[in-house]
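> Input structure: run-v5.txt, which contains compact mmCIF, C-alpha atoms.
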```
# COMPACT_ATOMS: atom_id res chain seq x y z
CA MET A 1 0.00 0.00 0.00
CA PRO A 2 1.39 3.46 -0.78
CA ASP A 3 2.85 5.33 2.17
CA ALA A 4 1.42 8.63 3.37
CA ALA A 5 3.61 10.62 1.01
CA THR A 6 2.48 8.77 -2.13
CA LYS A 7 -1.22 8.12 -1.48
CA PRO A 8 -3.25 9.66 -4.31
CA LYS A 9 -5.25 12.73 -3.39
CA LEU A 10 -8.99 12.16 -3.66
CA ARG A 11 -11.52 14.64 -4.95
CA PHE A 12 -14.21 15.81 -2.53
CA LEU A 13 -16.84 13.76 -4.39
CA SER A 14 -14.74 10.61 -3.99
CA ILE A 15 -14.35 11.24 -0.25
CA VAL A 16 -18.11 11.68 -0.01
CA GLN A 17 -18.75 8.43 -1.89
CA MET A 18 -16.27 6.41 0.16
CA ASN A 19 -18.11 7.51 3.31
CA LEU A 20 -21.63 6.96 1.94
CA GLY A 21 -21.72 3.57 3.66
CA PHE A 22 -21.81 5.44 6.96
CA LEU A 23 -25.27 6.66 5.96
CA GLY A 24 -26.62 3.11 6.13
CA LEU A 25 -24.50 2.10 9.11
CA GLN A 26 -25.49 5.10 11.20
CA PHE A 27 -29.15 4.90 10.14
CA SER A 28 -29.06 1.53 11.88
CA PHE A 29 -27.49 3.02 15.01
CA GLY A 30 -30.02 5.86 14.98
CA LEU A 31 -32.90 3.38 14.89
CA GLN A 32 -31.42 1.64 17.92
CA GLN A 33 -30.88 4.86 19.86
CA SER A 34 -34.39 6.18 19.26
CA ASN A 35 -36.43 2.96 19.30
CA MET A 36 -34.85 0.18 21.36
CA GLY A 37 -35.86 1.68 24.71
CA PRO A 38 -39.51 2.03 23.65
CA ILE A 39 -39.52 -1.44 22.01
CA TYR A 40 -38.20 -2.96 25.23
CA ARG A 41 -40.83 -1.04 27.20
CA TYR A 42 -43.65 -2.21 24.90
CA LEU A 43 -42.46 -5.81 25.46
CA GLY A 44 -42.56 -5.49 29.25
CA ALA A 45 -39.16 -4.17 30.45
CA ASP A 46 -38.96 -1.74 33.37
CA GLU A 47 -36.84 1.43 33.46
CA ALA A 48 -34.49 0.52 36.30
CA THR A 49 -33.12 -2.70 34.77
CA MET A 50 -33.49 -1.69 31.11
CA PRO A 51 -29.76 -0.85 30.69
CA LEU A 52 -28.96 -4.55 31.12
CA LEU A 53 -30.85 -5.20 27.88
CA TRP A 54 -28.38 -2.90 26.09
CA LEU A 55 -25.40 -5.13 26.94
CA ALA A 56 -25.21 -6.32 23.34
CA GLY A 57 -23.51 -3.17 22.05
CA PRO A 58 -20.62 -2.90 24.51
CA MET A 59 -20.08 -6.65 24.84
CA THR A 60 -19.93 -7.35 21.11
CA GLY A 61 -17.82 -4.26 20.52
CA LEU A 62 -15.38 -5.30 23.22
CA ILE A 63 -14.92 -8.74 21.68
CA VAL A 64 -15.55 -8.33 17.96
CA GLN A 65 -13.87 -5.08 16.94
CA PRO A 66 -10.29 -5.72 18.17
CA ILE A 67 -10.38 -9.22 16.65
CA VAL A 68 -11.78 -8.04 13.32
CA GLY A 69 -9.35 -5.12 13.29
CA ALA A 70 -6.37 -7.42 13.81
CA LEU A 71 -7.61 -9.88 11.18
CA SER A 72 -8.19 -7.14 8.63
CA ASP A 73 -4.59 -5.93 9.04
CA ARG A 74 -3.49 -9.35 7.72
CA THR A 75 -6.19 -10.00 5.11
CA THR A 76 -5.06 -10.29 1.49
CA SER A 77 -8.30 -11.14 -0.35
CA ARG A 78 -9.05 -9.98 -3.89
CA LEU A 79 -11.61 -7.58 -2.45
CA GLY A 80 -9.03 -5.96 -0.19
CA ARG A 81 -8.05 -5.92 3.47
CA ARG A 82 -11.15 -4.32 4.96
CA THR A 83 -13.92 -4.75 2.38
CA PRO A 84 -14.85 -8.40 3.11
CA TYR A 85 -15.58 -7.55 6.73
CA PHE A 86 -17.88 -4.62 6.24
CA LEU A 87 -19.75 -6.35 3.42
CA VAL A 88 -20.48 -9.38 5.62
CA GLY A 89 -21.44 -7.08 8.49
CA ALA A 90 -23.82 -5.11 6.27
CA VAL A 91 -25.71 -8.24 5.16
CA LEU A 92 -26.15 -9.45 8.75
CA CYS A 93 -27.19 -5.97 9.86
CA SER A 94 -29.89 -5.77 7.18
CA LEU A 95 -31.39 -9.12 8.18
CA ALA A 96 -31.48 -8.18 11.88
CA LEU A 97 -33.08 -4.81 11.15
CA PHE A 98 -35.87 -6.42 9.12
CA ALA A 99 -36.63 -8.82 11.99
CA MET A 100 -36.29 -6.52 15.03
CA PRO A 101 -39.72 -4.80 15.15
CA TYR A 102 -41.47 -8.15 14.68
CA SER A 103 -40.06 -9.48 17.97
CA PRO A 104 -42.83 -11.37 19.77
CA ALA A 105 -41.15 -11.25 23.18
CA LEU A 106 -38.51 -9.34 25.14
CA TRP A 107 -35.90 -12.10 24.87
CA VAL A 108 -36.28 -12.16 21.06
CA ALA A 109 -35.67 -8.41 20.78
CA ALA A 110 -32.65 -8.63 23.10
CA SER A 111 -31.23 -11.55 21.08
CA LEU A 112 -31.71 -9.72 17.79
CA LEU A 113 -29.92 -6.70 19.25
CA TRP A 114 -26.90 -8.96 19.92
CA ILE A 115 -26.90 -10.02 16.26
CA LEU A 116 -27.42 -6.46 15.05
CA ASP A 117 -24.64 -5.03 17.19
CA SER A 118 -22.27 -7.84 16.24
CA ALA A 119 -22.91 -7.07 12.58
CA ASN A 120 -22.40 -3.34 13.09
CA ASN A 121 -19.16 -4.01 14.96
CA ILE A 122 -17.87 -6.27 12.18
CA THR A 123 -18.42 -3.34 9.83
CA MET A 124 -17.41 -0.33 11.91
CA GLU A 125 -13.67 -0.46 12.58
CA PRO A 126 -12.59 -1.98 9.24
CA TYR A 127 -14.58 0.87 7.68
CA ARG A 128 -12.71 3.47 9.74
CA ALA A 129 -9.41 1.76 8.94
CA TYR A 130 -10.32 1.82 5.24
CA VAL A 131 -10.70 5.60 5.39
CA SER A 132 -7.40 5.97 7.23
CA ASP A 133 -5.70 3.64 4.71
CA ARG A 134 -7.05 5.55 1.73
CA LEU A 135 -6.30 9.14 2.82
CA ASP A 136 -3.07 10.90 3.68
CA GLU A 137 -2.70 12.98 6.83
CA ALA A 138 -3.77 16.21 5.12
CA GLN A 139 -7.09 14.72 3.92
CA ARG A 140 -7.96 12.77 7.08
CA PRO A 141 -9.79 15.67 8.80
CA LEU A 142 -12.10 15.92 5.78
CA GLY A 143 -12.45 12.12 5.61
CA PHE A 144 -13.36 11.52 9.24
CA LEU A 145 -15.51 14.63 9.59
CA THR A 146 -17.35 13.57 6.40
CA GLN A 147 -18.11 10.34 8.26
CA ALA A 148 -19.41 12.50 11.10
CA GLY A 149 -21.52 14.43 8.60
CA PHE A 150 -23.10 11.26 7.25
CA THR A 151 -23.66 10.15 10.83
CA GLY A 152 -25.63 13.33 11.45
CA LEU A 153 -27.61 13.04 8.22
CA ALA A 154 -28.39 9.34 8.72
CA GLN A 155 -29.52 9.79 12.28
CA THR A 156 -31.56 12.85 11.33
CA LEU A 157 -33.47 10.65 8.91
CA SER A 158 -33.74 7.68 11.27
CA TYR A 159 -35.00 9.80 14.19
CA LEU A 160 -37.48 11.66 12.00
CA ALA A 161 -38.73 8.65 10.03
CA PRO A 162 -41.68 7.77 12.35
CA SER A 163 -42.80 11.41 12.51
CA ILE A 164 -42.51 11.71 8.72
CA PHE A 165 -44.78 8.70 8.32
CA VAL A 166 -47.30 10.35 10.66
CA TRP A 167 -47.12 13.60 8.67
CA LEU A 168 -47.80 11.54 5.53
CA GLY A 169 -50.99 10.18 7.06
CA MET A 170 -50.06 7.00 8.96
CA ASN A 171 -51.71 6.46 12.34
CA ALA A 172 -49.17 6.74 15.16
CA ASP A 173 -51.43 4.67 17.44
CA LEU A 174 -51.74 1.75 15.00
CA VAL A 175 -49.81 -1.03 16.79
CA ASP A 176 -49.42 -4.79 16.60
CA ALA A 177 -50.40 -7.28 19.31
CA ASN A 178 -47.23 -6.47 21.27
CA GLY A 179 -47.78 -2.71 21.16
CA ILE A 180 -45.04 -2.00 18.57
CA PRO A 181 -46.21 0.77 16.18
CA HIS A 182 -46.40 0.06 12.46
CA ILE A 183 -44.47 3.26 11.77
CA THR A 184 -41.56 1.71 13.69
CA LYS A 185 -41.68 -1.41 11.52
CA LEU A 186 -41.52 0.66 8.34
CA ALA A 187 -38.55 2.67 9.64
CA PHE A 188 -36.59 -0.52 10.37
CA ALA A 189 -37.36 -1.91 6.90
CA ILE A 190 -35.95 1.24 5.28
CA GLY A 191 -32.89 0.95 7.51
CA ALA A 192 -32.30 -2.59 6.34
CA LEU A 193 -32.28 -1.52 2.69
CA LEU A 194 -29.95 1.41 3.35
CA SER A 195 -27.49 -0.68 5.35
CA ILE A 196 -26.49 -2.94 2.47
CA SER A 197 -27.01 -0.60 -0.50
CA THR A 198 -24.88 2.33 0.72
CA ILE A 199 -21.91 0.19 1.72
CA VAL A 200 -21.92 -1.66 -1.61
CA TRP A 201 -21.93 1.71 -3.38
CA SER A 202 -18.94 2.97 -1.36
CA VAL A 203 -16.68 0.01 -2.03
CA TRP A 204 -17.70 -0.11 -5.69
CA ARG A 205 -17.02 3.57 -6.35
CA VAL A 206 -13.88 3.98 -4.19
CA PRO A 207 -12.15 0.60 -3.85
CA GLU A 208 -9.29 0.03 -1.46
CA LEU A 209 -5.71 0.73 -2.52
CA LYS A 210 -3.94 -2.38 -3.71
CA LEU A 211 -1.30 -3.91 -1.48
CA THR A 212 2.23 -4.07 -2.80
CA PRO A 213 3.80 -7.50 -3.49
CA ALA A 214 6.15 -6.97 -0.54
CA GLU A 215 3.23 -6.29 1.83
CA ILE A 216 1.33 -9.35 0.60
CA ALA A 217 4.42 -11.54 1.03
CA ARG A 218 4.97 -10.26 4.57
CA MET A 219 1.34 -10.90 5.55
CA ARG A 220 1.29 -14.38 4.05
CA ALA A 221 4.49 -15.26 5.84
CA GLN A 222 2.46 -15.06 9.05
CA PRO A 223 -1.07 -16.11 8.15
CA ARG A 224 -4.07 -15.27 10.28
CA SER A 225 -4.53 -17.44 13.33
CA VAL A 226 -5.64 -17.19 16.95
CA ALA A 227 -1.99 -17.02 18.03
CA THR A 228 -0.99 -14.21 15.65
CA THR A 229 -4.18 -12.26 16.38
CA TRP A 230 -3.57 -12.50 20.13
CA ARG A 231 0.09 -11.58 19.73
CA ASP A 232 -0.77 -8.56 17.57
CA PHE A 233 -3.29 -7.45 20.18
CA VAL A 234 -0.87 -7.76 23.10
CA GLU A 235 1.95 -6.01 21.22
CA ALA A 236 -0.37 -3.21 20.14
CA LEU A 237 -1.43 -2.64 23.76
CA ARG A 238 2.21 -2.60 24.85
CA ASP A 239 3.22 -0.15 22.11
CA MET A 240 0.14 2.07 22.33
CA PRO A 241 1.05 5.71 21.61
CA GLY A 242 0.79 8.12 24.53
CA PRO A 243 -1.90 10.36 22.99
CA MET A 244 -4.11 7.33 22.46
CA ARG A 245 -3.76 6.31 26.13
CA GLN A 246 -4.67 9.81 27.24
CA LEU A 247 -7.70 9.88 24.95
CA GLY A 248 -9.02 6.82 26.79
CA ILE A 249 -9.88 8.95 29.85
CA ALA A 250 -11.91 11.44 27.83
CA MET A 251 -13.60 8.62 25.95
CA PHE A 252 -14.72 7.00 29.21
CA PHE A 253 -16.57 10.11 30.37
CA GLN A 254 -18.14 10.98 27.03
CA TRP A 255 -19.41 7.52 26.13
CA TYR A 256 -20.78 6.78 29.62
CA GLY A 257 -22.66 10.06 29.29
CA MET A 258 -23.93 9.40 25.76
CA PHE A 259 -25.21 5.94 26.70
CA CYS A 260 -27.09 7.47 29.65
CA TYR A 261 -28.64 10.01 27.28
CA TRP A 262 -29.75 7.51 24.64
CA GLN A 263 -31.26 5.09 27.15
CA TYR A 264 -33.23 7.60 29.21
CA VAL A 265 -34.02 10.66 27.09
CA VAL A 266 -37.43 9.29 26.01
CA PHE A 267 -38.45 8.63 29.62
CA SER A 268 -37.13 12.04 30.71
CA LEU A 269 -39.19 13.71 27.99
CA ALA A 270 -42.27 11.70 28.99
CA ARG A 271 -42.03 13.23 32.47
CA THR A 272 -41.19 16.79 31.40
CA LEU A 273 -43.67 16.99 28.52
CA HIS A 274 -46.53 14.83 29.88
CA GLY A 275 -45.97 14.49 33.62
CA ASP A 276 -45.84 10.68 33.66
CA ALA A 277 -44.14 7.69 32.00
CA GLY A 278 -47.14 5.56 31.03
CA ALA A 279 -47.44 3.82 27.66
CA ALA A 280 -49.26 6.71 25.94
CA ALA A 281 -46.78 9.26 27.29
CA VAL A 282 -43.85 7.11 26.15
CA ARG A 283 -45.34 6.83 22.64
CA ASP A 284 -45.72 10.59 22.41
CA ALA A 285 -42.27 11.17 23.91
CA THR A 286 -40.77 8.72 21.38
CA LEU A 287 -42.15 10.84 18.54
CA ALA A 288 -40.96 14.04 20.25
CA ASN A 289 -37.52 12.52 20.72
CA GLY A 290 -37.54 11.60 17.04
CA ARG A 291 -38.13 15.23 16.10
CA LEU A 292 -35.57 16.52 18.59
CA GLY A 293 -33.06 13.85 17.65
CA GLY A 294 -33.57 14.59 13.99
CA PHE A 295 -32.84 18.24 14.70
CA TYR A 296 -29.64 17.62 16.68
CA ASN A 297 -28.42 15.17 14.07
CA PHE A 298 -29.07 17.75 11.34
CA ILE A 299 -27.02 20.19 13.40
CA ALA A 300 -24.33 17.49 13.58
CA PHE A 301 -24.45 17.06 9.80
CA VAL A 302 -23.87 20.79 9.24
CA ALA A 303 -21.39 21.16 12.10
CA ALA A 304 -19.23 18.27 10.91
CA PHE A 305 -18.33 20.10 7.70
CA ALA A 306 -18.04 23.45 9.50
CA LEU A 307 -15.51 21.90 11.89
CA VAL A 308 -13.18 20.79 9.06
CA PRO A 309 -11.41 24.15 8.52
CA ILE A 310 -11.40 24.85 12.26
CA ALA A 311 -9.79 21.48 13.04
CA ARG A 312 -7.19 22.08 10.33
CA ARG A 313 -6.39 25.51 11.74
CA VAL A 314 -6.36 24.96 15.52
CA GLY A 315 -6.26 21.16 15.79
CA ALA A 316 -8.81 18.51 16.72
CA ARG A 317 -8.11 18.64 20.47
CA PRO A 318 -9.47 22.16 21.27
CA VAL A 319 -12.35 21.64 18.83
CA HIS A 320 -13.40 18.49 20.66
CA ALA A 321 -13.01 20.00 24.12
CA VAL A 322 -15.28 22.95 23.28
CA ALA A 323 -17.81 20.63 21.63
CA MET A 324 -17.98 18.48 24.78
CA VAL A 325 -18.69 21.60 26.86
CA ALA A 326 -21.56 22.48 24.51
CA SER A 327 -22.97 18.96 24.75
CA GLY A 328 -22.65 18.80 28.54
CA CYS A 329 -24.41 22.13 29.09
CA ALA A 330 -27.22 21.00 26.78
CA MET A 331 -27.79 17.75 28.67
CA LEU A 332 -27.88 19.64 31.97
CA ALA A 333 -30.51 22.01 30.58
CA LEU A 334 -32.82 19.53 28.83
CA PRO A 335 -34.52 17.95 31.91
CA ARG A 336 -35.38 21.43 33.17
CA LEU A 337 -37.41 22.45 30.10
CA SER A 338 -41.15 21.73 30.04
CA GLY A 339 -42.11 22.55 26.44
CA GLU A 340 -40.97 20.75 23.31
CA LEU A 341 -40.23 24.02 21.52
CA TRP A 342 -37.69 25.03 24.18
CA CYS A 343 -36.04 21.60 23.95
CA TYR A 344 -34.71 22.44 20.49
CA VAL A 345 -32.26 24.95 22.00
CA PRO A 346 -30.10 22.39 23.86
CA MET A 347 -30.25 20.13 20.80
CA ILE A 348 -27.85 22.60 19.15
CA GLY A 349 -25.22 21.82 21.77
CA ILE A 350 -25.82 18.09 21.58
CA GLY A 351 -25.55 18.22 17.78
CA ILE A 352 -22.21 20.05 17.89
CA GLY A 353 -20.91 17.58 20.46
CA TRP A 354 -22.10 14.59 18.43
CA ALA A 355 -20.45 15.90 15.25
CA SER A 356 -17.12 16.30 16.99
CA LEU A 357 -17.41 13.04 18.89
CA MET A 358 -17.76 11.07 15.66
CA GLY A 359 -14.80 12.75 13.97
CA SER A 360 -12.30 14.62 16.14
CA PRO A 361 -11.05 11.70 18.29
CA TYR A 362 -10.35 9.69 15.13
CA ILE A 363 -8.31 12.53 13.64
CA MET A 364 -6.18 12.58 16.80
CA LEU A 365 -5.90 8.80 16.73
CA ALA A 366 -5.13 8.33 13.02
CA ASN A 367 -2.27 10.82 13.17
CA SER A 368 -0.60 9.03 16.09
CA ILE A 369 -0.63 5.34 15.10
CA PRO A 370 1.48 3.30 12.63
CA PRO A 371 -0.38 2.93 9.30
CA ALA A 372 0.38 -0.80 9.03
CA ARG A 373 -1.42 -1.40 12.34
CA THR A 374 -4.41 0.86 11.76
CA GLY A 375 -6.95 -1.98 11.90
CA ILE A 376 -5.98 -3.29 15.30
CA TYR A 377 -5.55 0.17 16.81
CA MET A 378 -8.96 1.23 15.52
CA GLY A 379 -10.36 -1.94 17.12
CA ILE A 380 -8.61 -1.25 20.42
CA PHE A 381 -9.78 2.36 20.30
CA ASN A 382 -13.32 1.06 20.09
CA MET A 383 -12.70 -0.59 23.46
CA PHE A 384 -12.48 2.97 24.80
CA ILE A 385 -16.08 3.35 23.63
CA VAL A 386 -17.58 0.03 24.67
CA ILE A 387 -15.95 -0.31 28.10
CA PRO A 388 -17.67 2.85 29.45
CA MET A 389 -20.91 1.66 27.85
CA LEU A 390 -20.48 -1.67 29.59
CA VAL A 391 -19.74 0.02 32.92
CA GLU A 392 -22.80 2.25 32.48
CA THR A 393 -24.99 -0.73 31.68
CA VAL A 394 -24.12 -2.62 34.86
CA THR A 395 -23.93 0.38 37.23
CA ILE A 396 -27.02 2.44 36.36
CA PRO A 397 -29.47 -0.25 37.61
CA PHE A 398 -27.83 0.06 41.04
CA LEU A 399 -27.74 3.88 40.93
CA TYR A 400 -31.18 4.49 39.42
CA GLY A 401 -33.22 4.19 42.60
CA PRO A 402 -31.01 5.10 45.57
CA VAL A 403 -28.81 7.75 43.91
CA LEU A 404 -30.86 9.08 40.98
CA GLY A 405 -34.24 8.92 42.70
CA GLY A 406 -35.82 6.62 40.11
CA ASP A 407 -36.16 9.63 37.81
CA ALA A 408 -34.87 9.57 34.22
CA ARG A 409 -34.33 13.33 34.33
CA ASN A 410 -31.58 12.84 36.90
CA VAL A 411 -29.85 10.39 34.56
CA LEU A 412 -29.60 13.16 31.95
CA THR A 413 -28.16 15.50 34.58
CA LEU A 414 -25.49 12.89 35.33
CA ALA A 415 -24.79 12.61 31.60
CA GLY A 416 -24.27 16.36 31.31
CA GLY A 417 -21.74 16.40 34.14
CA LEU A 418 -19.80 13.57 32.56
CA MET A 419 -19.59 15.41 29.23
CA LEU A 420 -18.01 18.36 31.03
CA CYS A 421 -15.48 15.97 32.58
CA ALA A 422 -14.77 14.68 29.05
CA ALA A 423 -14.02 18.23 27.93
CA ALA A 424 -11.46 18.70 30.70
CA ALA A 425 -9.82 15.32 29.97
CA THR A 426 -9.64 16.11 26.24
CA TRP A 427 -7.84 19.39 26.92
CA LEU A 428 -5.11 17.47 28.77
CA VAL A 429 -4.33 15.18 25.82
CA ARG A 430 -0.96 15.90 24.22
CA GLN A 431 -1.11 16.78 20.54
CA PRO A 432 -0.45 13.54 18.62
CA ALA A 433 2.85 13.20 16.82
CA PRO A 434 2.93 12.35 13.09
CA ALA A 435 2.28 8.69 12.40
CA LEU A 436 5.24 6.37 12.00
CA GLY A 437 5.37 4.05 9.04
CA ALA A 438 6.07 1.00 11.20
CA PRO A 439 5.58 -2.40 9.59
CA LEU A 440 3.55 -5.22 11.01
CA PRO A 441 5.41 -7.01 13.81
CA ALA A 442 7.65 -9.77 12.54
```
Hey, can you dump this file as structure tokens for me?


Amino acid sequence: MPDAATKPKLRFLSIVQMNLGFLGLQFSFGLQQSNMGPIYRYLGADEATMPLLWLAGPMTGLIVQPIVGALSDRTTSRLGRRTPYFLVGAVLCSLALFAMPYSPALWVAASLLWILDSANNITMEPYRAYVSDRLDEAQRPLGFLTQAGFTGLAQTLSYLAPSIFVWLGMNADLVDANGIPHITKLAFAIGALLSISTIVWSVWRVPELKLTPAEIARMRAQPRSVATTWRDFVEALRDMPGPMRQLGIAMFFQWYGMFCYWQYVVFSLARTLHGDAGAAAVRDATLANGRLGGFYNFIAFVAAFALVPIARRVGARPVHAVAMVASGCAMLALPRLSGELWCYVPMIGIGIGWASLMGSPYIMLANSIPPARTGIYMGIFNMFIVIPMLVETVTIPFLYGPVLGGDARNVLTLAGGLMLCAAAATWLVRQPAPALGAPLPA
């Protein structure tokens, strides 16, 4: 593969097309964020223990992404190093999305979420590594913030989809025998189609760079195996660059906070907008959250591109720190607002934070790791996302009653404080040094 100095520059349209797959991938994540809590509630889950049903995301991410990242670093297929993984993941994701809203029982929905998150995790880090492989250091801010832009656009559409169907004349109260609305089923079907079609388009229009004969020979000299994968993982942990270690602290605060927000924002809105958390209030709050979430994701879509010149000028670290302050203040304010119209104001801060969160840390990471080990380091970096999610999932059930008063609004207050902690931790990260062109370990 060409080194950073010889990688061909891509036109803006090519960078957009290579990231189009993120539209389908993040539409899937948006459907989860906005609908899994209500689906679990319709099927009989209670608020206090509901985080345990979200274990699929952090657990599969913790296991799948580092393994897939390490394997993709050593893959020499005709399709490329990364492409086979995110194509397989996209197919599995589409099948799980089609099936999810037809779950007849709580255990079926939870099981399908494990499959869906496994598929998304198979796709995610090879996709990020593919972008890092394809772009040189000067184009990486545009590449990763374009991913953030598609994240915002995809989640805008996924959050708004149920409300759009209502505006088009569908009945929001038309539900199946389990209480799952038909508008939710239609949204998941659209997500399934987008998941596979957008990723196929990306890899067709902007294929991976071909490996050099020397790189192929080196990889085949040590074929993929459990032993080599484990050794690569251990050596990557040992050799982890300092900026990446420091980023781990900020990542812990911000992803614990985001998981709190996604799990409890609907139930917080049910209380602030309707005064209770019964089934009817949750249905209305789900639609309101779809509108609000669509708005903050649109803000993220716009902000992601606006942040590109700023990140180039002042660096990704200060951009991300300020964005986390904006997000934290917004989460602190949201539970204290009683009208939906006022709730759009803090969505601006959450949108700016979400845009930066999906791009800025990866700019800092990509510029500090050896290119030949991008896959495994992207997989390990994902552990900095899923470990705080896992900790949140197992701790919130114990904190919800005695510490947070059994009130979802207090969970959002906790989330806001954690985002401010993430801002402080980000500011303490040393600016990453230029990436070294280190080869795969011998």

> What's the 7 Å shell around Pro162 of chain A, counting only C-alpha atoms, without same-chain residues fewer than 6 positions away, as a list in words?

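So the residues in contact are Ile183, Thr184, Ala187 and Leu287 of chain A.
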
> Please identify all polymer residues within 10 Å of segment 20-24 of chain A, counting only C-alpha atoms, omitting same-chain residues fewer than 5 positions from it, and present them as a PyMOL selection string.

chain A and resi 14-15+29-30+86+90+93-94+123-124+127-128+146-155+157-158+190-203

> Give me, please, the distance in Å between atom CA of Leu174 of chain A and atom CA of Gly278 of chain A, quoted to one decimal.

17.1 Å

> Go through A:Ala105, A:Ala110, A:Ala161, A:Ile180 and flag the residue nearest Pro38 of chain A, using all atoms listed in the file for the distances.

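Of all the options, A:Ile180 lies closest to Pro38 of chain A.
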
> As an exercise, work out the distance from atom CA of Ala415 of chain A to atom CA of Glu392 of chain A in Å and give it to one decimal place.

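Interatomic distance here is 10.6 Å.
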